[in-house]
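Student: Structure file final_14.pdb (PDB, C-alpha atoms and all ligand atoms) is given on the next line.
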```
ATOM      1  CA  MET U   1      34.378 -31.839 -29.160
ATOM      2  CA  SER U   2      32.869 -28.335 -29.221
ATOM      3  CA  SER U   3      34.097 -25.836 -26.675
ATOM      4  CA  SER U   4      30.788 -25.940 -24.752
ATOM      5  CA  GLU U   5      30.889 -29.773 -24.696
ATOM      6  CA  SER U   6      34.453 -29.670 -23.453
ATOM      7  CA  GLU U   7      33.541 -27.164 -20.739
ATOM      8  CA  SER U   8      30.590 -29.232 -19.509
ATOM      9  CA  SER U   9      32.678 -32.425 -19.439
ATOM     10  CA  GLN U  10      35.305 -30.491 -17.492
ATOM     11  CA  GLN U  11      32.612 -29.329 -15.068
ATOM     12  CA  ARG U  12      31.331 -32.918 -14.724
ATOM     13  CA  ARG U  13      34.834 -34.070 -13.794
ATOM     14  CA  HIS U  14      34.786 -31.518 -10.981
ATOM     15  CA  GLN U  15      31.381 -32.586  -9.661
ATOM     16  CA  GLU U  16      32.914 -34.794  -7.023
ATOM     17  CA  VAL U  17      34.545 -33.008  -4.111
ATOM     18  CA  GLY U  18      37.541 -34.694  -2.606
ATOM     19  CA  HIS U  19      39.151 -36.259  -5.633
ATOM     20  CA  LYS U  20      42.001 -33.807  -5.940
ATOM     21  CA  SER U  21      43.907 -31.069  -4.233
ATOM     22  CA  LEU U  22      42.058 -28.143  -2.738
ATOM     23  CA  LEU U  23      42.771 -25.797  -5.623
ATOM     24  CA  GLN U  24      41.040 -28.139  -8.017
ATOM     25  CA  SER U  25      38.116 -28.998  -5.770
ATOM     26  CA  ASP U  26      34.569 -28.454  -6.888
ATOM     27  CA  ALA U  27      33.749 -25.485  -4.657
ATOM     28  CA  LEU U  28      36.853 -23.611  -5.625
ATOM     29  CA  TYR U  29      36.552 -24.657  -9.237
ATOM     30  CA  GLN U  30      33.102 -23.032  -9.188
ATOM     31  CA  ALA U  31      34.571 -19.963  -7.496
ATOM     32  CA  ARG U  32      36.804 -19.706 -10.504
ATOM     33  CA  PHE U  33      33.730 -18.919 -12.601
ATOM     34  CA  PHE U  34      32.141 -16.606 -10.049
ATOM     35  CA  ASP U  35      35.237 -14.520  -9.497
ATOM     36  CA  SER U  36      36.927 -15.047 -12.856
ATOM     37  CA  LEU U  37      39.960 -16.316 -10.970
ATOM     38  CA  PRO U  38      41.866 -18.993 -12.893
ATOM     39  CA  ILE U  39      42.696 -20.866  -9.664
ATOM     40  CA  PRO U  40      44.016 -24.167 -11.100
ATOM     41  CA  SER U  41      46.198 -22.231 -13.548
ATOM     42  CA  LEU U  42      47.471 -20.047 -10.724
ATOM     43  CA  CYS U  43      48.377 -23.164  -8.801
ATOM     44  CA  ALA U  44      50.309 -24.566 -11.769
ATOM     45  CA  TYR U  45      51.995 -21.197 -12.300
ATOM     46  CA  MET U  46      53.065 -21.026  -8.652
ATOM     47  CA  LEU U  47      54.479 -24.557  -8.686
ATOM     48  CA  GLU U  48      56.353 -24.080 -11.936
ATOM     49  CA  THR U  49      57.692 -20.620 -11.095
ATOM     50  CA  THR U  50      58.292 -20.520  -7.358
ATOM     51  CA  VAL U  51      58.173 -24.018  -5.916
ATOM     52  CA  TYR U  52      59.732 -26.653  -8.202
ATOM     53  CA  PRO U  53      62.763 -24.597  -9.234
ATOM     54  CA  ARG U  54      63.707 -24.144  -5.554
ATOM     55  CA  GLU U  55      62.731 -27.597  -4.297
ATOM     56  CA  PRO U  56      65.770 -29.391  -2.830
ATOM     57  CA  GLU U  57      66.802 -32.464  -4.855
ATOM     58  CA  CYS U  58      66.046 -34.805  -1.930
ATOM     59  CA  MET U  59      62.508 -33.470  -1.595
ATOM     60  CA  LYS U  60      61.964 -33.915  -5.310
ATOM     61  CA  GLU U  61      63.210 -37.499  -5.020
ATOM     62  CA  LEU U  62      60.875 -38.205  -2.101
ATOM     63  CA  ARG U  63      57.966 -36.578  -3.929
ATOM     64  CA  GLU U  64      58.601 -38.828  -6.941
ATOM     65  CA  ILE U  65      58.855 -41.995  -4.825
ATOM     66  CA  THR U  66      55.600 -41.046  -3.097
ATOM     67  CA  ALA U  67      53.861 -40.382  -6.424
ATOM     68  CA  ASN U  68      54.160 -44.124  -7.174
ATOM     69  CA  HIS U  69      52.539 -45.147  -3.897
ATOM     70  CA  PRO U  70      48.825 -46.067  -3.961
ATOM     71  CA  TRP U  71      47.954 -43.598  -1.167
ATOM     72  CA  ASN U  72      49.858 -40.693  -2.708
ATOM     73  CA  ILE U  73      46.840 -38.401  -2.298
ATOM     74  CA  MET U  74      47.876 -38.143   1.379
ATOM     75  CA  THR U  75      51.225 -36.476   0.755
ATOM     76  CA  THR U  76      51.920 -32.831   1.572
ATOM     77  CA  SER U  77      52.019 -30.721  -1.586
ATOM     78  CA  ALA U  78      55.296 -29.192  -2.722
ATOM     79  CA  ASP U  79      54.085 -25.619  -2.121
ATOM     80  CA  GLU U  80      53.100 -26.502   1.418
ATOM     81  CA  GLY U  81      56.457 -28.208   1.960
ATOM     82  CA  GLN U  82      58.160 -24.984   0.896
ATOM     83  CA  PHE U  83      55.889 -22.992   3.207
ATOM     84  CA  LEU U  84      56.598 -25.211   6.243
ATOM     85  CA  ASN U  85      60.331 -25.052   5.609
ATOM     86  CA  MET U  86      60.235 -21.247   5.478
ATOM     87  CA  LEU U  87      57.960 -20.956   8.535
ATOM     88  CA  LEU U  88      60.225 -23.144  10.674
ATOM     89  CA  LYS U  89      63.217 -20.997   9.794
ATOM     90  CA  LEU U  90      61.295 -17.778  10.470
ATOM     91  CA  ILE U  91      60.386 -18.906  13.986
ATOM     92  CA  ASN U  92      63.820 -20.463  14.645
ATOM     93  CA  ALA U  93      62.207 -23.760  15.547
ATOM     94  CA  LYS U  94      64.413 -26.350  17.196
ATOM     95  CA  ASN U  95      62.225 -28.759  19.145
ATOM     96  CA  THR U  96      59.309 -29.946  16.998
ATOM     97  CA  MET U  97      56.724 -32.672  16.611
ATOM     98  CA  GLU U  98      54.856 -34.174  13.680
ATOM     99  CA  ILE U  99      51.681 -36.239  13.941
ATOM    100  CA  GLY U 100      51.093 -38.090  10.663
ATOM    101  CA  VAL U 101      54.250 -38.845   8.684
ATOM    102  CA  TYR U 102      53.211 -41.089   5.765
ATOM    103  CA  THR U 103      56.321 -41.242   3.489
ATOM    104  CA  GLY U 104      57.865 -38.181   5.114
ATOM    105  CA  TYR U 105      57.572 -35.242   2.710
ATOM    106  CA  SER U 106      56.586 -32.699   5.400
ATOM    107  CA  LEU U 107      59.003 -34.427   7.785
ATOM    108  CA  LEU U 108      61.886 -33.874   5.374
ATOM    109  CA  ALA U 109      60.812 -30.246   4.800
ATOM    110  CA  THR U 110      60.952 -29.840   8.599
ATOM    111  CA  ALA U 111      64.221 -31.710   9.114
ATOM    112  CA  LEU U 112      65.954 -29.594   6.464
ATOM    113  CA  ALA U 113      64.802 -26.381   8.169
ATOM    114  CA  LEU U 114      66.012 -27.240  11.681
ATOM    115  CA  PRO U 115      69.515 -26.606  12.989
ATOM    116  CA  ASP U 116      71.821 -29.625  13.194
ATOM    117  CA  ASP U 117      70.848 -30.255  16.826
ATOM    118  CA  GLY U 118      67.123 -29.754  16.106
ATOM    119  CA  LYS U 119      64.643 -32.514  16.947
ATOM    120  CA  ILE U 120      61.404 -33.896  15.505
ATOM    121  CA  LEU U 121      59.290 -36.321  17.461
ATOM    122  CA  ALA U 122      57.478 -37.994  14.555
ATOM    123  CA  MET U 123      54.502 -40.291  15.019
ATOM    124  CA  ASP U 124      52.564 -42.533  12.684
ATOM    125  CA  ILE U 125      50.625 -45.772  13.031
ATOM    126  CA  ASN U 126      52.341 -47.008   9.856
ATOM    127  CA  ARG U 127      56.109 -47.577   9.876
ATOM    128  CA  GLU U 128      56.205 -49.150   6.421
ATOM    129  CA  ASN U 129      55.374 -45.901   4.630
ATOM    130  CA  TYR U 130      57.894 -43.964   6.732
ATOM    131  CA  GLU U 131      60.541 -46.510   5.746
ATOM    132  CA  LEU U 132      59.765 -45.928   2.084
ATOM    133  CA  GLY U 133      61.055 -42.375   2.385
ATOM    134  CA  LEU U 134      63.685 -43.012   5.055
ATOM    135  CA  PRO U 135      66.592 -43.777   2.666
ATOM    136  CA  VAL U 136      66.089 -40.334   1.074
ATOM    137  CA  ILE U 137      66.010 -38.669   4.506
ATOM    138  CA  GLU U 138      69.185 -40.540   5.488
ATOM    139  CA  LYS U 139      70.931 -39.573   2.254
ATOM    140  CA  ALA U 140      69.994 -35.931   2.928
ATOM    141  CA  GLY U 141      71.912 -36.203   6.233
ATOM    142  CA  VAL U 142      69.016 -35.198   8.492
ATOM    143  CA  ALA U 143      67.785 -38.554   9.879
ATOM    144  CA  HIS U 144      69.597 -37.932  13.200
ATOM    145  CA  LYS U 145      67.059 -35.169  13.971
ATOM    146  CA  ILE U 146      64.121 -37.600  13.810
ATOM    147  CA  ASP U 147      62.748 -39.715  16.646
ATOM    148  CA  PHE U 148      60.103 -41.862  14.916
ATOM    149  CA  ARG U 149      57.474 -43.597  17.048
ATOM    150  CA  GLU U 150      55.194 -46.160  15.488
ATOM    151  CA  GLY U 151      51.675 -46.180  16.892
ATOM    152  CA  PRO U 152      48.787 -43.863  17.682
ATOM    153  CA  ALA U 153      49.896 -40.380  18.704
ATOM    154  CA  LEU U 154      47.444 -39.738  21.532
ATOM    155  CA  PRO U 155      49.033 -42.092  24.129
ATOM    156  CA  VAL U 156      52.474 -40.649  23.287
ATOM    157  CA  LEU U 157      51.167 -37.139  24.024
ATOM    158  CA  ASP U 158      49.664 -38.365  27.301
ATOM    159  CA  LEU U 159      53.009 -39.842  28.314
ATOM    160  CA  LEU U 160      54.822 -36.610  27.425
ATOM    161  CA  LEU U 161      52.391 -34.651  29.587
ATOM    162  CA  GLU U 162      53.370 -36.731  32.609
ATOM    163  CA  ASP U 163      56.904 -35.375  32.286
ATOM    164  CA  GLU U 164      56.980 -31.837  33.636
ATOM    165  CA  LYS U 165      60.090 -31.012  31.577
ATOM    166  CA  LYS U 166      58.214 -31.672  28.354
ATOM    167  CA  GLN U 167      55.409 -29.243  29.151
ATOM    168  CA  GLY U 168      55.780 -26.029  27.158
ATOM    169  CA  SER U 169      58.898 -27.436  25.478
ATOM    170  CA  PHE U 170      57.920 -27.624  21.785
ATOM    171  CA  ASP U 171      58.462 -24.745  19.351
ATOM    172  CA  PHE U 172      56.347 -26.198  16.576
ATOM    173  CA  VAL U 173      53.913 -29.066  15.958
ATOM    174  CA  PHE U 174      52.557 -30.165  12.586
ATOM    175  CA  VAL U 175      49.298 -32.119  12.878
ATOM    176  CA  ASP U 176      48.423 -34.075   9.745
ATOM    177  CA  ALA U 177      46.746 -37.319  10.839
ATOM    178  CA  ASP U 178      43.294 -38.544  11.920
ATOM    179  CA  LYS U 179      41.032 -35.485  11.635
ATOM    180  CA  ASP U 180      38.516 -36.900  14.137
ATOM    181  CA  ASN U 181      41.208 -36.586  16.824
ATOM    182  CA  TYR U 182      42.388 -33.047  16.095
ATOM    183  CA  LEU U 183      40.563 -31.560  19.085
ATOM    184  CA  ASN U 184      41.941 -34.299  21.337
ATOM    185  CA  TYR U 185      45.402 -33.399  20.068
ATOM    186  CA  HIS U 186      44.696 -29.709  20.545
ATOM    187  CA  LYS U 187      43.811 -30.176  24.210
ATOM    188  CA  ARG U 188      47.165 -31.852  24.871
ATOM    189  CA  LEU U 189      49.347 -29.896  22.464
ATOM    190  CA  LEU U 190      48.420 -26.598  24.061
ATOM    191  CA  GLU U 191      50.249 -27.780  27.159
ATOM    192  CA  LEU U 192      53.200 -29.203  25.257
ATOM    193  CA  VAL U 193      53.928 -26.253  22.977
ATOM    194  CA  LYS U 194      55.625 -23.244  24.578
ATOM    195  CA  VAL U 195      53.869 -19.867  24.872
ATOM    196  CA  GLY U 196      54.734 -18.221  21.554
ATOM    197  CA  GLY U 197      55.053 -21.634  19.881
ATOM    198  CA  VAL U 198      52.995 -22.737  16.892
ATOM    199  CA  ILE U 199      50.669 -25.672  16.223
ATOM    200  CA  ALA U 200      49.809 -26.109  12.534
ATOM    201  CA  TYR U 201      46.675 -28.109  11.722
ATOM    202  CA  ASP U 202      46.629 -29.417   8.186
ATOM    203  CA  ASN U 203      43.690 -29.957   5.804
ATOM    204  CA  THR U 204      41.440 -27.439   7.536
ATOM    205  CA  LEU U 205      39.689 -26.614   4.243
ATOM    206  CA  TRP U 206      39.201 -30.360   3.713
ATOM    207  CA  ASN U 207      39.195 -30.562  -0.081
ATOM    208  CA  GLY U 208      36.914 -27.539  -0.264
ATOM    209  CA  SER U 209      34.146 -29.635   1.316
ATOM    210  CA  VAL U 210      33.785 -27.089   4.146
ATOM    211  CA  VAL U 211      31.808 -24.964   1.680
ATOM    212  CA  ALA U 212      30.138 -27.795  -0.258
ATOM    213  CA  PRO U 213      26.313 -27.728  -0.351
ATOM    214  CA  PRO U 214      24.579 -30.443   1.748
ATOM    215  CA  ASP U 215      23.718 -32.525  -1.351
ATOM    216  CA  ALA U 216      27.213 -32.380  -2.875
ATOM    217  CA  PRO U 217      28.457 -35.831  -4.001
ATOM    218  CA  LEU U 218      31.323 -36.122  -1.522
ATOM    219  CA  ARG U 219      33.595 -39.118  -1.248
ATOM    220  CA  LYS U 220      32.774 -41.203   1.822
ATOM    221  CA  TYR U 221      35.917 -40.314   3.786
ATOM    222  CA  VAL U 222      35.544 -36.635   2.881
ATOM    223  CA  ARG U 223      31.972 -36.630   4.141
ATOM    224  CA  TYR U 224      32.892 -38.537   7.313
ATOM    225  CA  TYR U 225      35.668 -36.169   8.373
ATOM    226  CA  ARG U 226      34.019 -32.943   7.185
ATOM    227  CA  ASP U 227      31.993 -32.416  10.359
ATOM    228  CA  PHE U 228      35.093 -32.905  12.489
ATOM    229  CA  VAL U 229      36.969 -30.319  10.426
ATOM    230  CA  LEU U 230      34.051 -27.864  10.600
ATOM    231  CA  HIS U 231      33.874 -28.368  14.362
ATOM    232  CA  LEU U 232      37.636 -27.924  14.722
ATOM    233  CA  ASN U 233      37.608 -24.687  12.713
ATOM    234  CA  ARG U 234      34.869 -23.264  14.923
ATOM    235  CA  ALA U 235      36.622 -24.378  18.110
ATOM    236  CA  LEU U 236      39.966 -22.885  17.076
ATOM    237  CA  ALA U 237      38.317 -19.590  16.130
ATOM    238  CA  ALA U 238      36.747 -19.411  19.611
ATOM    239  CA  ASP U 239      39.824 -20.467  21.607
ATOM    240  CA  PRO U 240      41.233 -17.502  23.598
ATOM    241  CA  ARG U 241      44.511 -19.348  24.339
ATOM    242  CA  ILE U 242      45.685 -18.994  20.753
ATOM    243  CA  GLU U 243      46.017 -16.536  17.899
ATOM    244  CA  ILE U 244      45.095 -18.136  14.596
ATOM    245  CA  CYS U 245      45.588 -17.723  10.892
ATOM    246  CA  GLN U 246      44.091 -20.049   8.281
ATOM    247  CA  LEU U 247      45.952 -20.168   4.999
ATOM    248  CA  PRO U 248      44.759 -21.624   1.679
ATOM    249  CA  VAL U 249      48.064 -23.450   1.203
ATOM    250  CA  GLY U 250      47.780 -27.084   0.120
ATOM    251  CA  ASP U 251      44.439 -28.256   1.490
ATOM    252  CA  GLY U 252      44.291 -25.416   3.998
ATOM    253  CA  VAL U 253      46.494 -25.075   7.058
ATOM    254  CA  THR U 254      45.602 -23.289  10.290
ATOM    255  CA  LEU U 255      48.449 -21.856  12.333
ATOM    256  CA  CYS U 256      47.773 -21.487  16.051
ATOM    257  CA  ARG U 257      50.179 -19.422  18.131
ATOM    258  CA  ARG U 258      49.899 -20.172  21.826
ATOM    259  CA  ILE U 259      49.485 -16.955  23.789
ATOM    260  CA  LYS U 260      48.444 -18.296  27.239
TER     261      LYS U 260
HETATM  262  N1  LIG X   1      52.472 -35.350   6.617
HETATM  263  C1  LIG X   1      52.466 -36.456   5.685
HETATM  264  C2  LIG X   1      53.227 -36.109   4.418
HETATM  265  O1  LIG X   1      53.786 -35.015   4.311
HETATM  266  O2  LIG X   1      53.260 -36.950   3.505
HETATM  267  C3  LIG X   1      51.073 -36.912   5.343
HETATM  268  C4  LIG X   1      50.342 -37.580   6.492
HETATM  269  S1  LIG X   1      48.937 -38.492   5.963
HETATM  270  C5  LIG X   1      47.846 -37.261   5.418
HETATM  271  C6  LIG X   1      48.189 -38.993   7.469
HETATM  272  C7  LIG X   1      48.992 -40.025   8.256
HETATM  273  O3  LIG X   1      48.443 -40.098   9.569
HETATM  274  C8  LIG X   1      48.972 -41.425   7.698
HETATM  275  O4  LIG X   1      50.280 -41.836   7.374
HETATM  276  C9  LIG X   1      48.376 -42.278   8.812
HETATM  277  O5  LIG X   1      48.988 -43.532   8.942
HETATM  278  C10 LIG X   1      48.642 -41.410  10.029
HETATM  279  N2  LIG X   1      47.736 -41.636  11.165
HETATM  280  C11 LIG X   1      46.413 -41.902  11.132
HETATM  281  N3  LIG X   1      45.936 -42.030  12.378
HETATM  282  C12 LIG X   1      46.977 -41.813  13.215
HETATM  283  C13 LIG X   1      47.116 -41.791  14.635
HETATM  284  N4  LIG X   1      46.078 -42.029  15.436
HETATM  285  N5  LIG X   1      48.334 -41.513  15.162
HETATM  286  C14 LIG X   1      49.395 -41.281  14.342
HETATM  287  N6  LIG X   1      49.324 -41.297  13.007
HETATM  288  C15 LIG X   1      48.138 -41.556  12.443
HETATM  289 CA    CA X   2      47.750 -33.132   4.893
END
```
Would you mind writing the file's structure down as structure tokens?
Tutor:
Amino acid sequence: MSSSESESSQQRRHQEVGHKSLLQSDALYQARFFDSLPIPSLCAYMLETTVYPREPECMKELREITANHPWNIMTTSADEGQFLNMLLKLINAKNTMEIGVYTGYSLLATALALPDDGKILAMDINRENYELGLPVIEKAGVAHKIDFREGPALPVLDLLLEDEKKQGSFDFVFVDADKDNYLNYHKRLLELVKVGGVIAYDNTLWNGSVVAPPDAPLRKYVRYYRDFVLHLNRALAADPRIEICQLPVGDGVTLCRRIK
């Protein structure tokens, strides 16, 4: 294959947004040409140099178990796991929540960062996937920090809000579930997280689809959730109760620090 043929076949493979991680998505792949930034290579460099060599053995094991699962595209990336772990330590988080567990990669990154008496209220509609990663979490000696609840998260948040002691009691919340509910979560979480606490919304760059042209060939689920993500991003940017910072880590994560 000539080099121009190889380049066009490579470009064709990147026509479809939503088939891979953010750094390999179509919009950012194109940006690579516009800005001469070798983004996918930078991603590989970062993983090989900074992330994998420092990844705890248990997280590596969980990542490898998850890689064999049919829905592995849902897992948190290793660089984002490293970021969450560092962030939780920086803010001295102790009482936390996670919405959307899957096999538990971000949950384990969180559990490892918390002090021994730290807590994670973890919610997911699917217990089976959580139980796939649970033996690794148990072996790592951090399962006692986790209170897993099977079922939709919204009713759990509503119940928490009825308890005055729970209001303003969380240091950190990681939201990584149904994107069409993020603003419903936001409404409730702002009362549950303490002033100065952080809510992190995951996938806020949504496979790069937030900048995809209207006629881009998006996967169905990417197209369906894109408007919700766009709406969320606008709403967070306009919300005076929080300070925000959107980072291009993983598939994009927006940190919201409650200030009111
Ligand atoms: N944080 C996980 C990790 O590190 O692997 C990935 C979470 S995955 C992207 C999204 C998860 O949200 C799925 O496991 C799904 O079952 C869960 N989910 C979807 N709707 C939900 C809901 N209404 N309440 C709680 N969990 C939900
Ligand atoms: Ca995610």
Student: Which residues are close to segment 56-63 of chain U, i.e. within 10 Å by all atoms listed in the file, leaving aside same-chain residues fewer than 2 positions away? Reply as a ChimeraX atom specification.
Tutor: /U:51-54,65-68,72,75-78,81-82,103-106,108-109,112,132-140
Student: Neighbours of ligand LIG 1 (chain X) at 7 Å or closer, counting only C-alpha atoms and all ligand atoms: which residues, as a list in words?
Tutor: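 Written in the requested form, the residues are Met74, Thr75, Thr76, Ile99, Gly100, Val101, Tyr102, Thr103, Gly104, Tyr105, Ser106, Leu107, Met123, Asp124, Ile125, Asn126, Gly151, Pro152, Ala153, Leu154, Asp176, Ala177 and Asp178 of chain U.
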Student: Show me, as a PyMOL selection string, the residues that have an atom within 10 Å of Lys166 of chain U when counting all atoms listed in the file, minus same-chain residues fewer than 6 positions from it.
Tutor: chain U and resi 157+159-160+191-194
Student: Quick one: distance from atom CA of Ile242 of chain U to atom CA of Tyr221 of chain U in Å, one decimal?
Tutor: 28.9 Å
Student: May I ask for the distance between atom CA of Tyr224 of chain U and atom CA of Trp206 of chain U, given in Å to one decimal place?
Tutor: 10.9 Å
